[in-house]
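A.B. asks: Here you go, one structure.
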Amino acid sequence: MTEQERIELQQNNPLHGLKMEDMLQQLVDHYGWEILDTAMRLNCFNTKPSIASSVKYLKKTDWAREKVENFYLYRFKRMPKATEAEFELPPRARPFPHGLEPREPMELTVDSILLSQAKAASAHKARTGRRPSRR
């Protein structure tokens, strides 16, 4: 794939050309720090949160930045979920079909996030057949 083809595929990615600071500001304005902390469990969203300190942390920590970018793509912009092959790519490198428009942000509450996390944990436990360890 040529560089020009790669750039063309990126044109429809909502993260294309978006600064981390601007993305985080949009998320904080819409959801607030408490919901971001509950959803992603990042300390930079919990302990004295600020845009500047969070951006500094996210720029240094790849896994945390990808977690926030995934949240932005799939909860805030509600883009279609990535395929397994696309999920291997960092969020900023994922292609989206031309003409695909982001939808309205998901409405989230702390309670809805906790319920979703509990369901996911229960489903994971059922899939793996793991029982809680006893010490």
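For the structure tokens, the naming scheme is as follows: chains receive sequential letters (A, B, ...) according to their order of presentation, residues are indexed from 1 within each chain, and ligands are indexed from 1 in presentation order.
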I'd like the neighbourhood of Leu100 (chain A) as a ChimeraX atom specification, where a residue qualifies if any of its atoms comes within 10 Å (using only C-alpha atoms), though same-chain residues fewer than 3 positions away should be ignored.

C.D. replies: /A:12-13,79-80,96-97,103

A.B. asks: Since we have the selection now, will you write its residues out, keeping C-alpha atoms, as a tab-separated table (two decimals), in the first residue's frame?

C.D. replies:
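Final output, saved to part-v3.tsv:
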chain	number	residue	atom	x	y	z
A	12	ASN	CA	-12.63	9.09	7.38
A	13	ASN	CA	-11.05	8.10	10.72
A	79	MET	CA	-18.15	4.13	14.81
A	80	PRO	CA	-18.64	0.48	13.75
A	96	PHE	CA	-13.22	3.49	8.03
A	97	PRO	CA	-15.33	3.37	4.85
A	103	ARG	CA	-23.31	9.10	15.28

A.B. asks: Considering only C-alpha atoms, return as a list in words whatever protein or nucleic-acid residues lie within 9 Å of region 51-65 of chain A, sequence-local ones (same chain, fewer than 2 positions apart) excluded.

C.D. replies: Met20, Glu21, Leu24, Gln25, Val28, Met40, Leu42, Cys44, Phe45, Lys48, Pro49, Lys67, Val68, Glu69 and Asn70 of chain A

A.B. asks: Hey, what's within 10 Å of Leu108 (chain A) if we count only C-alpha atoms and toss same-chain stuff fewer than 3 positions away? As a PDB file with C-alpha atoms, in the first residue's frame, please?

C.D. replies:
ATOM      1  CA  HIS A  30     -19.566  15.610  27.221  1.00  0.00           C
ATOM      2  CA  TYR A  31     -19.012  12.961  29.923  1.00  0.00           C
ATOM      3  CA  ILE A  35     -17.600   8.835  33.913  1.00  0.00           C
ATOM      4  CA  LEU A  36     -14.222   8.727  32.146  1.00  0.00           C
ATOM      5  CA  ALA A  39     -15.195   3.635  32.156  1.00  0.00           C
ATOM      6  CA  ARG A  75     -18.501   5.201  22.560  1.00  0.00           C
ATOM      7  CA  PHE A  76     -18.249   8.907  21.741  1.00  0.00           C
ATOM      8  CA  PRO A 105     -22.370   9.988  21.532  1.00  0.00           C
ATOM      9  CA  ASP A 111     -24.286   3.003  36.977  1.00  0.00           C
ATOM     10  CA  SER A 112     -24.642   1.949  33.318  1.00  0.00           C
ATOM     11  CA  ILE A 113     -20.866   1.556  33.014  1.00  0.00           C
TER      12      ILE A 113
END

A.B. asks: Env of Arg94 (chain A): 10 Å cut, atoms = only C-alpha atoms, seq-sep filter 4 positions within chain, self excluded. Answer as number ranges by chain.

C.D. replies: A: 6, 9-10, 12-16, 82-83, 85-90

A.B. asks: Would you compute the distance between CA of Pro102 (chain A) and CA of Gly17 (chain A)? Give it in Å to one decimal.

C.D. replies: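 Taking CA of Pro102 (chain A) and CA of Gly17 (chain A), their separation equals 15.6 Å.
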
A.B. asks: Interatomic distance between CA of Glu101 (chain A) and CA of Leu27 (chain A)?

C.D. replies: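 Separating CA of Glu101 (chain A) from CA of Leu27 (chain A) is a distance of 18.1 Å.
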
A.B. asks: Residues of region 35-112 of chain A classed as helix (DSSP H, G or I) by DSSP on the backbone are to be reported as a PyMOL selection string.

C.D. replies: chain A and resi 35-40+43-45+51-60+62-76+84-87+91-93+110-112
